[in-house]
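Printed here is data_6.txt (compact mmCIF, C-alpha atoms):
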# COMPACT_ATOMS: atom_id res chain seq x y z
CA MET A 1 -21.44 -34.23 -8.11
CA ALA A 2 -23.38 -32.22 -5.56
CA SER A 3 -21.49 -29.94 -3.22
CA GLU A 4 -21.09 -30.76 0.46
CA ILE A 5 -22.32 -27.74 2.41
CA SER A 6 -22.47 -27.66 6.19
CA PRO A 7 -25.86 -26.69 7.60
CA LYS A 8 -23.92 -24.43 10.00
CA ALA A 9 -22.68 -22.29 7.11
CA GLU A 10 -24.59 -19.06 6.41
CA ILE A 11 -25.04 -18.91 2.67
CA SER A 12 -27.37 -16.67 0.70
CA PRO A 13 -29.80 -18.58 -1.52
CA LYS A 14 -28.84 -16.13 -4.27
CA ALA A 15 -25.19 -17.20 -4.27
CA LYS A 16 -24.14 -19.56 -7.07
CA ILE A 17 -21.98 -22.48 -6.01
CA GLY A 18 -20.56 -25.03 -8.44
CA ASP A 19 -20.29 -28.81 -8.26
CA ASN A 20 -18.23 -30.88 -5.86
CA CYS A 21 -17.42 -28.03 -3.50
CA LYS A 22 -16.92 -28.52 0.23
CA ILE A 23 -18.03 -25.71 2.49
CA PHE A 24 -17.28 -26.06 6.20
CA PRO A 25 -19.25 -24.74 9.21
CA PHE A 26 -19.36 -21.01 9.96
CA VAL A 27 -18.60 -19.94 6.40
CA TYR A 28 -20.42 -16.72 5.45
CA ILE A 29 -21.38 -16.13 1.80
CA GLU A 30 -23.34 -13.09 0.59
CA ASP A 31 -25.81 -12.69 -2.31
CA ASP A 32 -23.72 -11.65 -5.31
CA VAL A 33 -21.18 -14.47 -5.20
CA VAL A 34 -20.20 -17.03 -7.84
CA ILE A 35 -18.00 -19.98 -6.88
CA GLY A 36 -16.81 -22.57 -9.42
CA ASP A 37 -16.38 -26.32 -9.11
CA ASN A 38 -14.19 -28.34 -6.73
CA CYS A 39 -13.51 -25.51 -4.29
CA ILE A 40 -12.87 -26.01 -0.57
CA ILE A 41 -13.95 -23.24 1.78
CA PHE A 42 -12.71 -23.77 5.33
CA PRO A 43 -14.44 -22.50 8.52
CA PHE A 44 -14.80 -18.80 9.33
CA VAL A 45 -14.23 -17.62 5.75
CA SER A 46 -16.29 -14.63 4.56
CA ILE A 47 -17.03 -14.35 0.84
CA CYS A 48 -18.68 -11.01 0.16
CA ASP A 49 -20.71 -9.47 -2.66
CA GLY A 50 -18.79 -9.14 -5.90
CA SER A 51 -16.76 -12.35 -5.51
CA ARG A 52 -16.14 -14.33 -8.69
CA ILE A 53 -14.15 -17.44 -7.82
CA GLY A 54 -13.04 -20.06 -10.34
CA ASN A 55 -12.40 -23.79 -9.98
CA ASN A 56 -10.19 -25.84 -7.65
CA ASN A 57 -9.47 -23.08 -5.15
CA LYS A 58 -8.79 -23.60 -1.45
CA ILE A 59 -9.63 -20.76 0.93
CA HIS A 60 -8.51 -21.25 4.52
CA GLN A 61 -9.77 -20.10 7.90
CA GLY A 62 -10.37 -16.44 8.61
CA SER A 63 -9.94 -15.15 5.06
CA VAL A 64 -12.16 -12.42 3.62
CA ILE A 65 -12.79 -12.24 -0.11
CA ALA A 66 -14.18 -9.04 -1.69
CA ALA A 67 -13.94 -7.00 1.49
CA LEU A 68 -14.92 -3.37 1.02
CA PRO A 69 -11.98 -1.36 -0.36
CA GLN A 70 -9.96 0.58 2.18
CA ASP A 71 -10.00 3.66 -0.02
CA PHE A 72 -11.40 7.09 0.89
CA ASN A 73 -12.71 7.35 -2.69
CA PHE A 74 -15.04 4.39 -2.24
CA ARG A 75 -18.71 5.43 -2.40
CA GLY A 76 -20.41 2.06 -2.33
CA ALA A 77 -20.12 1.29 -6.05
CA LYS A 78 -20.77 -2.22 -7.32
CA SER A 79 -17.34 -3.75 -7.92
CA TYR A 80 -15.65 -7.14 -7.96
CA VAL A 81 -12.90 -9.56 -7.04
CA GLU A 82 -12.08 -12.10 -9.74
CA ILE A 83 -10.07 -15.16 -8.70
CA GLY A 84 -8.95 -17.72 -11.28
CA ASN A 85 -8.30 -21.43 -10.82
CA ASN A 86 -6.09 -23.59 -8.60
CA ASN A 87 -5.20 -20.93 -6.05
CA VAL A 88 -4.36 -21.61 -2.41
CA ILE A 89 -5.43 -18.81 -0.07
CA ARG A 90 -4.18 -19.51 3.44
CA GLU A 91 -5.37 -18.22 6.81
CA ASN A 92 -6.40 -14.58 7.42
CA VAL A 93 -5.89 -13.37 3.87
CA VAL A 94 -7.86 -10.25 2.89
CA ILE A 95 -8.64 -9.35 -0.73
CA ASN A 96 -10.48 -6.06 -1.33
CA ARG A 97 -12.79 -5.50 -4.26
CA GLY A 98 -12.44 -2.59 -6.68
CA THR A 99 -13.12 1.00 -5.66
CA ASN A 100 -15.15 2.41 -8.54
CA LYS A 101 -18.15 1.10 -10.45
CA ASP A 102 -17.22 -2.18 -12.19
CA GLY A 103 -13.69 -1.94 -10.76
CA VAL A 104 -11.98 -5.30 -10.37
CA THR A 105 -9.24 -6.78 -8.21
CA LYS A 106 -7.88 -9.76 -10.15
CA ILE A 107 -6.01 -12.84 -8.97
CA GLY A 108 -4.87 -15.22 -11.74
CA ASN A 109 -4.21 -18.96 -11.56
CA HIS A 110 -1.96 -21.19 -9.46
CA ASN A 111 -1.09 -18.51 -6.90
CA PHE A 112 -0.17 -19.21 -3.27
CA LEU A 113 -1.12 -16.54 -0.74
CA LEU A 114 0.37 -17.38 2.66
CA GLU A 115 -1.06 -16.37 6.03
CA GLY A 116 -1.80 -12.70 6.55
CA THR A 117 -1.44 -11.57 2.94
CA HIS A 118 -3.48 -8.49 2.00
CA ILE A 119 -4.27 -7.66 -1.64
CA SER A 120 -5.82 -4.20 -1.88
CA HIS A 121 -8.37 -2.74 -4.28
CA ASP A 122 -7.92 -2.79 -8.06
CA THR A 123 -4.66 -4.72 -7.94
CA VAL A 124 -3.97 -7.22 -10.73
CA VAL A 125 -1.98 -10.39 -10.00
CA GLY A 126 -0.79 -12.78 -12.72
CA ASP A 127 -0.21 -16.54 -12.46
CA ASN A 128 2.11 -18.70 -10.35
CA CYS A 129 2.95 -16.03 -7.77
CA VAL A 130 3.86 -16.62 -4.13
CA PHE A 131 3.04 -14.12 -1.38
CA GLY A 132 4.97 -14.80 1.83
CA TYR A 133 3.66 -14.39 5.35
CA GLY A 134 2.24 -10.94 6.02
CA THR A 135 2.84 -9.54 2.54
CA LYS A 136 0.90 -6.30 1.98
CA ILE A 137 0.02 -5.12 -1.52
CA ALA A 138 -1.49 -1.64 -1.76
CA GLY A 139 -4.13 -0.49 -4.23
CA ASP A 140 -3.80 -0.25 -8.01
CA CYS A 141 -0.67 -2.39 -8.20
CA GLU A 142 0.34 -4.74 -11.02
CA ILE A 143 2.11 -8.02 -10.36
CA GLY A 144 3.35 -10.18 -13.23
CA ASN A 145 3.69 -13.94 -13.52
CA GLY A 146 5.91 -16.01 -11.26
CA VAL A 147 6.64 -13.19 -8.83
CA ILE A 148 7.81 -14.20 -5.33
CA PHE A 149 7.33 -12.00 -2.27
CA SER A 150 9.21 -13.13 0.81
CA SER A 151 7.68 -12.58 4.25
CA GLY A 152 6.73 -9.08 5.34
CA ALA A 153 7.19 -7.39 1.96
CA ILE A 154 5.19 -4.22 1.30
CA GLN A 155 4.35 -2.96 -2.19
CA ASN A 156 3.12 0.63 -2.21
CA ALA A 157 0.28 1.92 -4.39
CA ASN A 158 0.43 2.20 -8.19
CA THR A 159 3.64 0.22 -8.54
CA ARG A 160 4.53 -2.87 -10.55
CA ALA A 161 6.50 -6.06 -9.98
CA GLY A 162 7.68 -7.67 -13.21
CA ASP A 163 7.61 -11.33 -14.22
CA LEU A 164 9.82 -13.74 -12.25
CA SER A 165 11.06 -11.06 -9.89
CA LEU A 166 11.90 -11.83 -6.26
CA ILE A 167 11.15 -9.34 -3.50
CA GLN A 168 13.17 -10.24 -0.41
CA ALA A 169 11.82 -10.30 3.14
CA GLY A 170 10.91 -7.04 4.81
CA CYS A 171 11.28 -4.88 1.69
CA THR A 172 9.11 -1.83 1.11
CA PHE A 173 9.07 -0.33 -2.37
CA SER A 174 7.44 2.64 -4.07
CA HIS A 175 8.98 2.23 -7.54
CA ASP A 176 8.65 -0.49 -10.15
CA VAL A 177 10.67 -3.70 -9.82
CA PRO A 178 11.60 -4.96 -13.33
CA PRO A 179 11.24 -8.56 -14.54
CA TYR A 180 13.77 -11.29 -13.65
CA VAL A 181 15.53 -9.43 -10.83
CA ILE A 182 16.17 -9.92 -7.12
CA ALA A 183 15.32 -6.85 -5.06
CA GLY A 184 16.13 -6.47 -1.37
CA GLY A 185 17.37 -4.24 1.40
CA SER A 186 16.25 -0.95 2.89
CA PRO A 187 16.46 1.17 0.88
CA MET A 188 15.83 -1.34 -1.85
CA GLU A 189 18.84 -2.45 -3.92
CA TYR A 190 19.33 -4.49 -7.07
CA GLY A 191 20.51 -7.95 -6.07
CA GLY A 192 21.25 -9.39 -9.52
CA PRO A 193 19.26 -11.53 -11.96
CA ASN A 194 16.91 -14.08 -10.42
CA THR A 195 18.81 -17.04 -11.87
CA THR A 196 17.23 -19.72 -9.66
CA VAL A 197 13.71 -18.93 -10.81
CA MET A 198 14.81 -18.37 -14.40
CA ASN A 199 16.38 -21.83 -14.38
CA TYR A 200 13.15 -23.23 -13.00
CA ALA A 201 11.28 -21.43 -15.80
CA GLU A 202 13.72 -23.04 -18.30
CA ILE A 203 15.05 -19.76 -19.66
CA ASP A 204 18.12 -20.54 -21.77
CA PRO A 205 21.44 -19.72 -20.03
CA LYS A 206 22.49 -17.63 -23.03
CA VAL A 207 19.31 -15.58 -22.69
CA GLN A 208 20.01 -15.19 -18.97
CA LYS A 209 23.38 -13.62 -19.86
CA HIS A 210 21.57 -11.20 -22.16
CA ILE A 211 19.20 -10.30 -19.32
CA ALA A 212 22.16 -9.75 -16.98
CA ASN A 213 23.75 -7.49 -19.58
CA ALA A 214 20.56 -5.45 -19.93
CA TYR A 215 20.47 -4.90 -16.19
CA ARG A 216 24.16 -4.06 -16.08
CA LEU A 217 23.32 -1.19 -18.41
CA LEU A 218 20.33 -0.17 -16.27
CA PHE A 219 21.68 -0.43 -12.75
CA HIS A 220 25.42 0.16 -13.19
CA GLY A 221 25.26 2.85 -15.82
CA LYS A 222 24.81 6.54 -15.07
CA THR A 223 22.29 7.39 -17.77
CA SER A 224 18.51 7.89 -17.71
CA VAL A 225 16.05 5.05 -18.15
CA PHE A 226 15.20 6.49 -21.58
CA ASP A 227 18.83 6.24 -22.67
CA VAL A 228 19.18 2.76 -21.18
CA ILE A 229 16.24 1.55 -23.27
CA ASN A 230 18.07 2.66 -26.42
CA GLN A 231 21.29 1.06 -25.22
CA ILE A 232 19.52 -2.25 -24.59
CA LYS A 233 17.97 -2.15 -28.06
CA GLU A 234 21.38 -1.46 -29.61
CA GLN A 235 23.64 -3.70 -27.52
CA VAL A 236 21.58 -6.68 -26.29
CA PRO A 237 20.40 -9.44 -28.67
CA ASP A 238 16.65 -9.39 -29.21
CA GLY A 239 14.30 -11.99 -27.76
CA PRO A 240 10.99 -12.27 -25.88
CA GLU A 241 12.57 -11.70 -22.47
CA ILE A 242 14.52 -8.64 -23.62
CA ARG A 243 11.41 -7.20 -25.25
CA ASN A 244 9.57 -7.83 -21.97
CA ILE A 245 12.20 -5.78 -20.12
CA ILE A 246 12.08 -2.96 -22.67
CA THR A 247 8.27 -2.78 -22.59
CA PHE A 248 8.31 -2.76 -18.79
CA LEU A 249 10.82 0.11 -18.71
CA GLU A 250 8.92 2.07 -21.36
CA ASN A 251 5.66 1.84 -19.41
CA THR A 252 6.89 2.88 -15.98
CA LYS A 253 4.94 5.67 -14.31
CA ARG A 254 6.42 5.65 -10.81
CA GLY A 255 10.01 5.13 -11.96
CA ILE A 256 12.33 2.12 -11.69
CA MET A 257 13.85 0.96 -8.40
CA CYS A 258 17.34 2.30 -7.69
CA LYS A 259 17.16 4.83 -10.56

Show how you would write the structure in this file as structure tokens.
Amino acid sequence: MASEISPKAEISPKAKIGDNCKIFPFVYIEDDVVIGDNCIIFPFVSICDGSRIGNNNKIHQGSVIAALPQDFNFRGAKSYVEIGNNNVIRENVVINRGTNKDGVTKIGNHNFLLEGTHISHDTVVGDNCVFGYGTKIAGDCEIGNGVIFSSGAIQNANTRAGDLSLIQAGCTFSHDVPPYVIAGGSPMEYGGPNTTVMNYAEIDPKVQKHIANAYRLLFHGKTSVFDVINQIKEQVPDGPEIRNIITFLENTKRGIMCK
């Protein structure tokens, strides 16, 4: 089915737009843009060079996709934003493209970016994440699957948020937040396992107890992260979620929150 494109939209003839899209008046789309099928682009959205947008996405008023990176190292290199399928991008969201040649900012599938969210250059976002009002994600961050940011959260550069973690409102963090935890406060504190979301994700209650035990060793012990990893391997029954925690801890570069 042909797309419905307003004659009041300014769209480059070089842009590639899929089937059954609806593009409202005053949308601006540059040359090097690819948009999949069944997307809705609301008024006053700017989609800039380097945008690669999948299917069934909704992009609301005032958003800017593939804005130039706000990075002093940017020298005009050709770079990209890749957005998967079934995402909802609400009003005034900004997503920057990568800084260096062929650099990519990636947004997965089924994510919900509420009003005023900013995803900076070279950040990678998984699937099924929620970004609350005014959430700001700095450059070169990694965000797992099912992560929830409450309103006004700020993630500083080169940090990670693990799968199914919850970042409470107003938090700012400069160290990695492990999977399956609640993090809140200023300075940030460990608020326990994220049981509500783990229940929603159908993680077995017995496994949730193992996760809680792993984090008891991490956050209530007085040993290094290296020693905690060995303790978890020795004391906590193995499973995919526990291996996920161990791998996350082993790969930290900026350190773990509260440690």

**OP:** Show which residues sit within 12 Å of Phe72 of chain A, as JSON, numbers by chain. Count all atoms listed in the file, and ignore same-chain residues fewer than 4 positions away.
**Re:** {"A": [68, 76, 99, 100, 121, 139]}

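What separates atom CA of Asp122 of chain A from atom CA of Pro193 of chain A is a distance of 28.8 Å.
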
Listing only residues of segment 59-138 of chain A within 12 Å of segment 168-179 of chain A, what is the closest atom pair and its distance in Å (to one decimal) for each, using all atoms listed in the file, sorted by chain and residue number ascending, as CSV?
residue,atom,partner,partner_atom,distance
A:Val130,CA,A:Gln168,CA,11.9
A:Phe131,CA,A:Ala169,CA,10.6
A:Gly132,CA,A:Ala169,CA,8.3
A:Tyr133,CA,A:Ala169,CA,9.4
A:Gly134,CA,A:Gly170,CA,9.6
A:Thr135,CA,A:Gly170,CA,8.7
A:Lys136,CA,A:Thr172,CA,9.4
A:Ile137,CA,A:Thr172,CA,10.0
A:Ala138,CA,A:Ser174,CA,10.2

Original post:
Nearest to Leu218 of chain A: which of A:His60, A:Lys253, A:Lys259, A:Arg75 is it, counting only C-alpha atoms?
Top reply: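 Result for the nearest residue to Leu218 of chain A: A:Lys259.
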
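Residues in contact range of Ile53 of chain A, defined as at most 7 Å between all atoms listed in the file, with sequence neighbours fewer than 4 positions away removed, read Val34, Ile35, Gly36, Glu82, Ile83 and Gly84 of chain A.
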
Kindly provide the residues of segment 21-113 of chain A that approach segment 141-150 of chain A to within 12 Å, each paired with its closest atom pair and their distance in Å to one decimal, based on all atoms listed in the file, listed by chain and increasing number, as a tab-separated table.
residue	atom	partner	partner_atom	distance
A:Gly98	CA	A:Cys141	CA	11.9
A:Val104	CA	A:Cys141	CA	11.9
A:Thr105	CA	A:Cys141	CA	9.6
A:Lys106	CA	A:Glu142	CA	9.7
A:Ile107	CA	A:Ile143	CA	9.5
A:Gly108	CA	A:Asn145	CA	8.8
A:Asn109	CA	A:Asn145	CA	9.6
A:His110	CA	A:Gly146	CA	9.6
A:Asn111	CA	A:Gly146	CA	8.6
A:Phe112	CA	A:Ile148	CA	9.6
A:Leu113	CA	A:Phe149	CA	9.7

**OP:** Would you mind telling me which residue in A:Arg160, A:Phe74, A:Asn92, A:Gly239 lies nearest to Asp204 of chain A when using only C-alpha atoms?
**Re:** A:Gly239

Subject >> Pick from A:Glu115, A:Glu4, A:Asp19, A:Asp127 nearest to Ser151 of chain A, counting only C-alpha atoms >> reply: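 The shortest atom-to-atom distance to Ser151 of chain A comes from A:Glu115.
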
**OP:** For atom CA of Val27 of chain A and atom CA of Asp140 of chain A, quote the distance in Å rounded to one decimal.
**Re:**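 Between these atoms lies a distance of 28.5 Å.
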